[in-house]
file coords.cif (mmCIF, C-alpha atoms and all ligand atoms)
data_work
loop_
_atom_site.label_atom_id
_atom_site.label_comp_id
_atom_site.auth_asym_id
_atom_site.auth_seq_id
_atom_site.Cartn_x
_atom_site.Cartn_y
_atom_site.Cartn_z
CA MET U 9 -20.47 -26.79 6.69
CA ASN U 10 -21.74 -25.07 3.57
CA THR U 11 -20.43 -21.76 2.21
CA ALA U 12 -23.12 -19.65 3.91
CA GLU U 13 -22.35 -21.24 7.29
CA ILE U 14 -18.59 -20.83 6.93
CA VAL U 15 -18.99 -17.18 5.84
CA ALA U 16 -21.38 -16.41 8.71
CA LEU U 17 -19.16 -18.02 11.35
CA THR U 18 -16.10 -16.19 10.06
CA GLU U 19 -17.95 -12.88 10.01
CA ASP U 20 -19.19 -13.49 13.57
CA TYR U 21 -15.83 -14.36 15.09
CA GLY U 22 -13.05 -13.22 12.77
CA MET U 23 -11.47 -9.77 13.05
CA LYS U 24 -12.63 -7.51 10.26
CA THR U 25 -9.24 -7.25 8.57
CA TYR U 26 -10.12 -8.70 5.17
CA ASN U 27 -12.48 -7.96 2.32
CA ARG U 28 -13.02 -11.54 1.29
CA GLN U 29 -14.69 -12.90 -1.82
CA PRO U 30 -17.86 -14.79 -0.77
CA LEU U 31 -16.36 -18.18 -1.39
CA ALA U 32 -15.40 -20.95 1.04
CA LEU U 33 -12.72 -23.20 -0.43
CA VAL U 34 -12.27 -26.74 0.77
CA ARG U 35 -9.96 -28.49 -1.69
CA GLY U 36 -7.29 -27.79 -4.29
CA ALA U 37 -5.32 -29.70 -6.93
CA GLY U 38 -2.94 -28.15 -9.45
CA CYS U 39 -4.52 -24.93 -10.74
CA ARG U 40 -8.04 -25.77 -9.54
CA VAL U 41 -9.85 -25.23 -6.25
CA TRP U 42 -13.28 -26.41 -5.13
CA ASP U 43 -15.76 -24.69 -2.84
CA ALA U 44 -17.93 -26.20 -0.12
CA GLU U 45 -20.67 -26.93 -2.66
CA GLY U 46 -18.27 -28.75 -4.97
CA ARG U 47 -18.02 -25.99 -7.56
CA CYS U 48 -14.66 -25.94 -9.36
CA PHE U 49 -12.64 -22.76 -10.08
CA LEU U 50 -9.57 -22.09 -12.19
CA ASP U 51 -7.29 -20.41 -9.66
CA PHE U 52 -5.30 -17.46 -11.03
CA VAL U 53 -4.92 -16.00 -7.53
CA GLY U 54 -2.78 -18.97 -6.59
CA GLY U 55 -2.82 -18.16 -2.88
CA ILE U 56 -1.34 -14.75 -3.83
CA ALA U 57 1.72 -16.39 -5.39
CA THR U 58 2.13 -19.07 -2.73
CA ALA U 59 0.83 -21.97 -4.81
CA ALA U 60 3.98 -21.99 -6.91
CA VAL U 61 3.82 -25.72 -7.67
CA GLY U 62 0.02 -25.80 -7.70
CA HIS U 63 -2.31 -26.86 -4.93
CA CYS U 64 -1.45 -30.02 -3.04
CA HIS U 65 1.38 -31.15 -5.30
CA PRO U 66 1.78 -34.87 -4.44
CA ARG U 67 5.49 -34.47 -3.64
CA VAL U 68 4.87 -31.58 -1.24
CA VAL U 69 1.98 -33.46 0.38
CA ALA U 70 4.15 -36.57 0.81
CA ALA U 71 7.04 -34.56 2.30
CA VAL U 72 4.76 -32.81 4.78
CA GLN U 73 3.01 -36.07 5.73
CA GLU U 74 6.30 -37.87 6.28
CA GLN U 75 7.81 -35.03 8.32
CA ALA U 76 4.61 -34.60 10.38
CA GLY U 77 4.93 -38.21 11.48
CA GLN U 78 8.58 -37.75 12.37
CA LEU U 79 9.12 -34.33 14.01
CA ILE U 80 6.87 -31.29 13.56
CA HIS U 81 8.78 -28.80 15.61
CA THR U 82 11.63 -28.49 18.03
CA SER U 83 13.06 -24.94 18.33
CA ASN U 84 16.19 -23.14 17.29
CA LEU U 85 17.90 -24.38 20.45
CA PHE U 86 18.73 -27.49 18.40
CA TYR U 87 19.76 -28.39 14.86
CA THR U 88 17.53 -30.14 12.30
CA GLU U 89 18.47 -31.66 8.97
CA PRO U 90 15.67 -30.07 6.90
CA GLN U 91 16.73 -26.57 8.03
CA ALA U 92 20.39 -27.28 7.29
CA ARG U 93 19.61 -28.62 3.83
CA LEU U 94 17.25 -25.77 2.99
CA ALA U 95 19.78 -23.14 4.09
CA ARG U 96 22.36 -24.60 1.70
CA ARG U 97 19.80 -24.79 -1.09
CA LEU U 98 18.75 -21.14 -0.70
CA ALA U 99 22.35 -19.96 -0.49
CA GLU U 100 23.09 -21.79 -3.75
CA LEU U 101 19.95 -20.48 -5.47
CA THR U 102 20.51 -16.85 -4.52
CA GLY U 103 24.30 -16.82 -4.87
CA LEU U 104 24.42 -15.53 -1.29
CA ASP U 105 25.86 -17.16 1.80
CA ARG U 106 23.75 -17.25 4.97
CA VAL U 107 20.07 -17.70 5.74
CA PHE U 108 17.80 -16.62 8.57
CA PHE U 109 14.46 -18.45 8.63
CA CYS U 110 11.15 -16.97 9.72
CA ASN U 111 7.46 -17.52 8.99
CA SER U 112 6.31 -14.85 6.54
CA GLY U 113 7.37 -12.18 4.11
CA THR U 114 6.90 -9.43 6.63
CA GLU U 115 9.21 -11.15 9.08
CA ALA U 116 11.83 -11.64 6.36
CA VAL U 117 11.73 -7.89 5.64
CA GLU U 118 11.83 -7.08 9.35
CA ALA U 119 14.92 -9.27 9.70
CA ALA U 120 16.55 -7.58 6.69
CA ILE U 121 16.01 -4.11 8.17
CA LYS U 122 17.44 -5.19 11.50
CA LEU U 123 20.44 -6.86 9.86
CA ALA U 124 21.22 -3.81 7.72
CA ARG U 125 21.13 -1.44 10.69
CA ARG U 126 23.14 -3.67 12.98
CA PHE U 127 25.70 -4.38 10.25
CA ALA U 128 26.32 -0.64 9.86
CA VAL U 129 26.60 0.02 13.57
CA ALA U 130 28.16 -3.13 15.03
CA VAL U 131 30.33 -4.34 12.14
CA ARG U 132 31.29 -1.13 10.39
CA GLY U 133 31.13 1.11 13.46
CA GLU U 134 29.10 3.69 11.56
CA ASP U 135 26.65 4.96 14.16
CA ARG U 136 25.00 7.46 11.84
CA ARG U 137 24.01 4.87 9.23
CA ARG U 138 20.42 4.16 10.25
CA THR U 139 18.15 5.19 7.41
CA ILE U 140 16.35 2.71 5.21
CA ILE U 141 15.37 4.06 1.78
CA ALA U 142 12.28 2.50 0.21
CA ALA U 143 10.28 3.26 -2.92
CA LEU U 144 6.97 5.05 -3.05
CA ASN U 145 4.11 2.69 -3.94
CA SER U 146 6.07 -0.23 -2.45
CA PHE U 147 4.73 -2.95 -0.19
CA HIS U 148 6.94 -4.72 2.33
CA GLY U 149 4.55 -5.97 5.01
CA ARG U 150 2.42 -5.07 7.98
CA THR U 151 4.51 -5.19 11.16
CA LEU U 152 5.55 -1.72 12.25
CA GLY U 153 9.06 -1.89 10.77
CA ALA U 154 7.97 -3.45 7.47
CA LEU U 155 5.02 -1.06 7.41
CA ALA U 156 7.36 1.91 7.85
CA ALA U 157 9.32 0.58 4.84
CA THR U 158 6.09 0.42 2.84
CA GLY U 159 5.90 3.62 0.81
CA GLN U 160 2.12 3.98 0.73
CA GLU U 161 0.47 6.32 3.18
CA LYS U 162 -2.86 4.50 3.07
CA TYR U 163 -1.29 1.58 4.95
CA HIS U 164 0.28 3.89 7.58
CA ARG U 165 -2.86 5.82 8.48
CA GLY U 166 -4.00 5.25 12.05
CA PHE U 167 -0.86 3.39 13.11
CA GLU U 168 1.41 6.36 13.73
CA PRO U 169 3.87 6.92 15.21
CA LEU U 170 5.75 4.47 13.02
CA PRO U 171 9.42 3.69 13.71
CA GLY U 172 11.66 6.48 12.39
CA GLY U 173 14.56 6.28 9.98
CA PHE U 174 12.66 5.51 6.76
CA ASP U 175 12.70 7.68 3.64
CA TYR U 176 10.90 7.18 0.35
CA VAL U 177 11.87 7.87 -3.24
CA PRO U 178 9.87 7.59 -6.48
CA TYR U 179 10.25 4.10 -8.02
CA ASN U 180 12.30 3.76 -11.20
CA ASP U 181 13.84 7.23 -10.69
CA VAL U 182 17.65 6.94 -10.66
CA GLU U 183 18.23 10.64 -9.96
CA ALA U 184 16.01 10.61 -6.89
CA LEU U 185 17.79 7.53 -5.57
CA ALA U 186 21.18 9.14 -6.19
CA ARG U 187 20.08 12.17 -4.16
CA ALA U 188 18.80 10.01 -1.31
CA VAL U 189 21.69 7.60 -0.73
CA ASP U 190 24.18 9.34 1.54
CA GLU U 191 26.36 8.44 4.53
CA THR U 192 23.30 8.09 6.81
CA VAL U 193 21.76 5.29 4.73
CA ALA U 194 22.05 1.72 6.01
CA ALA U 195 20.14 0.11 3.14
CA VAL U 196 17.94 0.58 0.11
CA ILE U 197 15.03 -1.87 -0.12
CA LEU U 198 13.27 -2.46 -3.44
CA GLU U 199 10.84 -4.90 -5.00
CA PRO U 200 12.12 -5.91 -8.47
CA VAL U 201 8.47 -5.85 -9.54
CA GLN U 202 6.09 -3.93 -7.29
CA GLY U 203 3.34 -6.44 -6.57
CA GLU U 204 0.72 -4.99 -4.26
CA GLY U 205 1.39 -1.59 -5.84
CA GLY U 206 -0.13 -2.83 -9.12
CA VAL U 207 2.44 -5.14 -10.81
CA ILE U 208 4.99 -2.53 -11.86
CA PRO U 209 8.37 -3.89 -12.99
CA ALA U 210 11.59 -2.01 -12.18
CA ALA U 211 13.64 -1.03 -15.20
CA PRO U 212 16.80 -3.19 -15.25
CA ASP U 213 18.99 -0.09 -15.37
CA TYR U 214 17.24 1.26 -12.26
CA LEU U 215 18.18 -1.89 -10.34
CA GLN U 216 21.71 -1.69 -11.73
CA ALA U 217 21.96 1.93 -10.61
CA ALA U 218 20.67 0.97 -7.16
CA ARG U 219 23.38 -1.69 -6.97
CA GLU U 220 26.14 0.70 -7.99
CA LEU U 221 25.00 3.59 -5.79
CA THR U 222 24.67 1.46 -2.66
CA ARG U 223 28.04 -0.20 -3.25
CA GLU U 224 29.82 3.12 -3.88
CA ARG U 225 28.25 4.83 -0.89
CA GLY U 226 28.55 2.06 1.70
CA ALA U 227 24.88 1.05 1.99
CA LEU U 228 23.38 -2.42 1.56
CA LEU U 229 20.94 -3.33 -1.19
CA ILE U 230 17.94 -5.41 -0.12
CA MET U 231 15.84 -7.04 -2.83
CA ASP U 232 12.40 -7.88 -1.52
CA GLU U 233 11.63 -11.00 -3.58
CA VAL U 234 8.83 -12.18 -1.30
CA GLN U 235 6.38 -12.12 -4.20
CA THR U 236 8.72 -12.26 -7.21
CA GLY U 237 11.17 -14.89 -5.99
CA LEU U 238 11.62 -18.59 -6.78
CA GLY U 239 10.61 -18.73 -10.42
CA ARG U 240 7.52 -16.53 -10.44
CA THR U 241 8.92 -14.06 -13.00
CA GLY U 242 10.62 -16.64 -15.23
CA ARG U 243 13.90 -16.41 -13.29
CA TRP U 244 14.79 -17.90 -9.93
CA LEU U 245 15.08 -14.32 -8.68
CA ALA U 246 13.52 -11.39 -10.51
CA CYS U 247 16.61 -9.24 -9.93
CA GLU U 248 18.59 -11.64 -12.18
CA ARG U 249 16.93 -9.83 -15.09
CA ALA U 250 19.10 -6.85 -14.20
CA GLY U 251 22.16 -9.06 -13.69
CA ILE U 252 22.71 -7.82 -10.15
CA ARG U 253 23.58 -9.53 -6.88
CA PRO U 254 22.07 -7.76 -3.89
CA ASP U 255 23.47 -7.97 -0.34
CA ILE U 256 20.22 -9.30 1.07
CA VAL U 257 17.24 -11.10 -0.46
CA THR U 258 13.90 -11.70 1.27
CA LEU U 259 11.78 -14.71 0.30
CA ALA U 260 8.46 -16.17 1.44
CA LYS U 261 5.17 -16.76 -0.44
CA GLY U 262 6.05 -19.51 -2.97
CA LEU U 263 8.80 -21.01 -0.81
CA GLY U 264 6.67 -23.38 1.24
CA GLY U 265 4.05 -24.03 -1.45
CA GLY U 266 1.46 -22.73 1.03
CA VAL U 267 3.13 -23.86 4.26
CA PRO U 268 4.15 -20.66 6.10
CA ILE U 269 7.87 -20.00 5.82
CA GLY U 270 10.03 -16.97 5.09
CA ALA U 271 13.76 -16.52 4.63
CA MET U 272 16.23 -13.66 4.68
CA VAL U 273 19.41 -14.52 2.79
CA ALA U 274 22.55 -12.36 2.96
CA THR U 275 26.17 -12.20 1.91
CA ALA U 276 28.66 -13.55 4.45
CA GLU U 277 29.81 -9.98 5.01
CA ALA U 278 26.36 -8.52 5.76
CA ALA U 279 25.45 -11.60 7.82
CA GLN U 280 28.09 -10.59 10.36
CA GLY U 281 25.52 -8.06 11.56
CA PHE U 282 23.77 -10.81 13.52
CA VAL U 283 25.40 -12.69 16.40
CA PRO U 284 23.67 -15.00 18.88
CA GLY U 285 20.94 -13.18 20.75
CA THR U 286 20.43 -10.37 18.23
CA HIS U 287 17.52 -11.91 16.30
CA ALA U 288 15.41 -15.06 16.59
CA SER U 289 12.16 -16.84 15.83
CA THR U 290 10.52 -19.70 17.74
CA PHE U 291 9.00 -21.32 14.67
CA GLY U 292 11.43 -20.01 12.03
CA GLY U 293 12.92 -22.81 9.94
CA ASN U 294 10.92 -25.52 11.63
CA PRO U 295 11.36 -28.99 10.14
CA LEU U 296 7.82 -29.26 8.76
CA ALA U 297 8.03 -25.98 6.83
CA CYS U 298 11.58 -26.70 5.66
CA ARG U 299 10.62 -30.15 4.34
CA ALA U 300 7.76 -28.54 2.42
CA ALA U 301 10.13 -25.93 0.99
CA LEU U 302 12.71 -28.53 -0.02
CA ALA U 303 9.99 -30.43 -1.87
CA VAL U 304 8.76 -27.23 -3.55
CA LEU U 305 12.28 -26.38 -4.76
CA ASP U 306 12.76 -29.96 -6.05
CA VAL U 307 9.52 -29.71 -8.02
CA ILE U 308 10.39 -26.28 -9.45
CA GLU U 309 13.74 -27.62 -10.58
CA GLN U 310 12.71 -31.06 -11.83
CA GLU U 311 9.56 -29.89 -13.62
CA HIS U 312 11.47 -26.91 -15.13
CA LEU U 313 8.95 -24.45 -13.73
CA VAL U 314 11.20 -21.40 -13.98
CA GLU U 315 11.37 -21.85 -17.75
CA ALA U 316 7.65 -22.71 -17.79
CA ALA U 317 6.82 -19.47 -15.95
CA ALA U 318 8.68 -17.50 -18.63
CA GLU U 319 6.88 -19.32 -21.45
CA ARG U 320 3.38 -19.36 -19.98
CA GLY U 321 3.86 -15.77 -18.83
CA ALA U 322 4.71 -14.66 -22.37
CA GLN U 323 1.63 -16.54 -23.64
CA LEU U 324 -0.58 -14.88 -21.01
CA LEU U 325 0.78 -11.41 -21.68
CA GLY U 326 0.35 -11.88 -25.43
CA LEU U 327 -3.29 -12.93 -25.05
CA LEU U 328 -4.00 -10.10 -22.61
CA ASP U 329 -2.46 -7.62 -25.06
CA GLU U 330 -5.20 -8.68 -27.50
CA LEU U 331 -7.83 -7.91 -24.85
CA VAL U 332 -6.20 -4.52 -24.23
CA VAL U 333 -6.73 -3.64 -27.89
CA LYS U 334 -10.20 -5.18 -28.09
CA TYR U 335 -11.55 -3.38 -25.00
CA HIS U 336 -9.40 -0.22 -25.12
CA LEU U 337 -7.75 -0.96 -21.79
CA ARG U 338 -4.58 0.78 -20.58
CA GLU U 339 -2.09 -2.11 -20.66
CA ALA U 340 -1.07 -5.60 -19.64
CA ARG U 341 2.29 -5.71 -17.88
CA GLY U 342 4.43 -7.90 -15.70
CA ALA U 343 7.16 -10.50 -15.73
CA GLY U 344 6.66 -14.24 -16.15
CA LEU U 345 3.54 -15.36 -14.32
CA MET U 346 3.19 -12.16 -12.33
CA VAL U 347 0.87 -10.18 -14.53
CA GLY U 348 -1.29 -7.08 -14.13
CA LEU U 349 -4.11 -6.02 -16.41
CA ASP U 350 -4.63 -2.28 -16.05
CA LEU U 351 -8.18 -1.44 -17.16
CA GLY U 352 -7.38 2.26 -17.36
CA ARG U 353 -10.52 3.05 -15.37
CA PRO U 354 -12.11 1.79 -12.15
CA GLY U 355 -13.88 -1.55 -12.41
CA ALA U 356 -11.41 -4.24 -11.35
CA PRO U 357 -13.63 -5.45 -8.45
CA ASP U 358 -16.55 -5.86 -10.90
CA VAL U 359 -14.42 -7.94 -13.25
CA VAL U 360 -13.22 -10.04 -10.29
CA ARG U 361 -16.85 -10.82 -9.44
CA LEU U 362 -17.84 -11.55 -13.06
CA ALA U 363 -14.84 -13.89 -13.37
CA ARG U 364 -15.73 -15.75 -10.18
CA GLU U 365 -19.29 -16.23 -11.42
CA ARG U 366 -17.77 -17.87 -14.51
CA GLY U 367 -15.36 -20.12 -12.63
CA LEU U 368 -12.14 -18.06 -12.66
CA LEU U 369 -10.45 -16.60 -9.58
CA VAL U 370 -8.42 -13.40 -9.99
CA ASN U 371 -7.82 -10.49 -7.65
CA ALA U 372 -7.66 -6.73 -7.87
CA THR U 373 -4.70 -4.63 -6.73
CA GLY U 374 -6.43 -1.29 -6.53
CA PRO U 375 -9.58 -0.15 -8.32
CA GLN U 376 -8.37 -0.53 -11.89
CA THR U 377 -5.80 -3.32 -11.97
CA LEU U 378 -6.40 -7.07 -12.06
CA ARG U 379 -3.56 -9.26 -10.86
CA LEU U 380 -2.98 -12.74 -12.25
CA LEU U 381 -0.66 -15.09 -10.37
CA PRO U 382 -1.40 -18.60 -11.70
CA PRO U 383 0.57 -21.49 -10.22
CA LEU U 384 3.78 -22.07 -12.19
CA VAL U 385 2.40 -25.49 -13.26
CA VAL U 386 -0.37 -23.81 -15.27
CA THR U 387 -0.77 -25.35 -18.74
CA ALA U 388 -1.13 -23.57 -22.08
CA ASP U 389 -4.76 -24.77 -22.22
CA GLU U 390 -5.49 -23.39 -18.76
CA ILE U 391 -4.03 -20.00 -19.77
CA GLU U 392 -6.32 -19.98 -22.81
CA GLU U 393 -9.30 -20.99 -20.70
CA GLY U 394 -8.61 -18.20 -18.16
CA VAL U 395 -8.23 -15.57 -20.86
CA ARG U 396 -11.40 -16.78 -22.62
CA ILE U 397 -13.32 -16.23 -19.38
CA LEU U 398 -11.73 -12.81 -18.89
CA ASP U 399 -12.68 -11.88 -22.44
CA GLU U 400 -16.32 -12.70 -21.66
CA CYS U 401 -16.19 -10.75 -18.37
CA LEU U 402 -14.71 -7.66 -20.02
CA SER U 403 -17.39 -7.78 -22.67
CA VAL U 404 -20.14 -7.92 -20.01
CA TRP U 405 -18.43 -5.24 -17.91
CA GLN U 406 -18.05 -2.90 -20.85
CA SER U 407 -21.57 -3.27 -22.10
CA ALA U 408 -22.87 -2.58 -18.56
CA ALA U 409 -20.79 0.61 -18.26
C1 LIG J 501 7.05 -7.74 -1.77
C2 LIG J 501 6.37 -8.17 -0.50
N1 LIG J 501 7.03 -8.08 0.65
C3 LIG J 501 6.47 -8.48 1.81
C4 LIG J 501 5.19 -8.97 1.85
C5 LIG J 501 4.58 -9.42 3.15
O1 LIG J 501 4.49 -10.81 3.16
P1 LIG J 501 3.54 -11.57 4.18
O2 LIG J 501 2.14 -11.24 3.84
O3 LIG J 501 3.90 -13.03 3.98
O4 LIG J 501 3.91 -11.12 5.55
C6 LIG J 501 4.46 -9.07 0.66
C7 LIG J 501 3.07 -9.56 0.66
O5 LIG J 501 2.30 -9.36 -0.23
C8 LIG J 501 5.07 -8.66 -0.55
O6 LIG J 501 4.41 -8.73 -1.72
#
call {"tool": "encode", "arguments": {"input": "coords.cif", "output": "structure tokens", "more": "lines below"}}
Ligand SMILES: Cc1ncc(COP(=O)(O)O)c(C=O)c1O
result
Amino acid sequence: MNTAEIVALTEDYGMKTYNRQPLALVRGAGCRVWDAEGRCFLDFVGGIATAAVGHCHPRVVAAVQEQAGQLIHTSNLFYTEPQARLARRLAELTGLDRVFFCNSGTEAVEAAIKLARRFAVAVRGEDRRRTIIAALNSFHGRTLGALAATGQEKYHRGFEPLPGGFDYVPYNDVEALARAVDETVAAVILEPVQGEGGVIPAAPDYLQAARELTRERGALLIMDEVQTGLGRTGRWLACERAGIRPDIVTLAKGLGGGVPIGAMVATAEAAQGFVPGTHASTFGGNPLACRAALAVLDVIEQEHLVEAAAERGAQLLGLLDELVVKYHLREARGAGLMVGLDLGRPGAPDVVRLARERGLLVNATGPQTLRLLPPLVVTADEIEEGVRILDECLSVWQSAA
């Protein structure tokens, strides 16, 4: 099928939930993808941070192929070696103790909310501790619980009534958090860098204050690292920048290198909130997804991609800073290879289109911010190439304005 045919068929039969770019992709390798007509693109969307080790990394492909020929799925009625090994690996990486596997970021958040509430009630015997505090402008997912935790009204509209017991505080505001965390709060959930909200990093002292306040007042701290986790920001976990250890971490996106998998990792203490029968997933932690994730983690470690993300991220931010000055934009911001370019005025969708026409894929989070999430294997030359294209696009965009 060609692009026009694929687009038409999707538009005829797919639910209208996405505003897609008019591009049908058929192949990927490293930081490049190809469309149905064979055109090549430099991919700085990176599957929205899923292509951590690049597209179709040979080691991930080999692991998936081998596992597919051996056992694709069983269920959580039985044990499998890939799940056991991945659980240990994630516990070691996060400095936490126990892992629940699921299939997406939303499900990881949902599991974290359920664990926090049940821990308060069933383990601590604190019936009043039900509230989950989240930040305004946050994004935690689309199921009703994760949606209720998402502090942006535009995502709520039309889906009310949402589950109760969620309160919102301004992000990066220690005083507001201190006022909100009382004896009715089961957990505070925060992204260490708000992703969908426009790539807005938390101040390290804000995360430290969140850690102290929750500990002092008997609530759990959940770090939603679905987008930031596993090397993306130049650390294994973005919250390491603040030197804190949360009670619960949610992971997904980069974990499977594109194969759907999510994980909710908790301290041994918090994990007591779940006992058999309290939470489950048919597909969660299936051997195929776990083998992919084990291969992804091996690649990140052996190819030193956490360090690479820090270095290439600094390079990218430095080059974007030059564009900020040149085109009088608001700012470039981010951490590692999670970078936002705030134009300071609406126009991000136009720049996305101009970039695509010149062979670069980026996306817009909101009308004025471009988001760049290159695979962690991106080279210095590819960063320069991407920024060169962006430079050209901004010049065209500005002269058209
Ligand atoms: C911080 C964060 N949490 C949760 C989610 C939801 O993840 P998923 O789309 O895999 O359900 C996202 C997705 O963008 C995210 O960025």
call {"tool": "residues_near_ligand", "arguments": {"input": "coords.cif", "ligand": "ligand LIG 501 (chain J)", "cutoff": "7 Å", "atoms": "all atoms listed in the file", "output": "number ranges by chain"}}
result
U: 112-115, 117, 147-150, 199, 202-204, 232-235, 260-261
call {"tool": "residues_around", "arguments": {"input": "coords.cif", "residues": "region 64-71 of chain U", "least_positions_apart": "3", "cutoff": "9 Å", "atoms": "all atoms listed in the file", "output": "list in words"}}
result
Arg35, Gly36, Ala37, Gly38, Ala59, Val61, Glu74, Gln75, Ala76, Gly264, Gly265, Gly266, Leu296, Arg299, Ala300, Ala301, Leu302, Ala303, Val304, Asp306 and Val307 of chain U
call {"tool": "atom_distance", "arguments": {"input": "coords.cif", "atom1": "CA of Gln91 (chain U)", "atom2": "CA of Ala271 (chain U)"}}
result
11.0 Å
call {"tool": "atom_distance", "arguments": {"input": "coords.cif", "atom1": "CA of Pro178 (chain U)", "atom2": "CA of Ala143 (chain U)"}}
result
5.6 Å
call {"tool": "atom_distance", "arguments": {"input": "coords.cif", "atom1": "CA of Lys122 (chain U)", "atom2": "CA of Arg138 (chain U)"}}
result
9.9 Å
call {"tool": "closest_residue", "arguments": {"input": "coords.cif", "among": "U:Gly205, U:Gly262, U:Pro212, U:Gly293", "to": "Val182 (chain U)", "atoms": "all atoms listed in the file"}}
result
U:Pro212
call {"tool": "closest_residue", "arguments": {"input": "coords.cif", "among": "U:Cys401, U:Ala128, U:Leu378, U:Val72", "to": "Val53 (chain U)", "atoms": "all atoms listed in the file"}}
result
U:Leu378
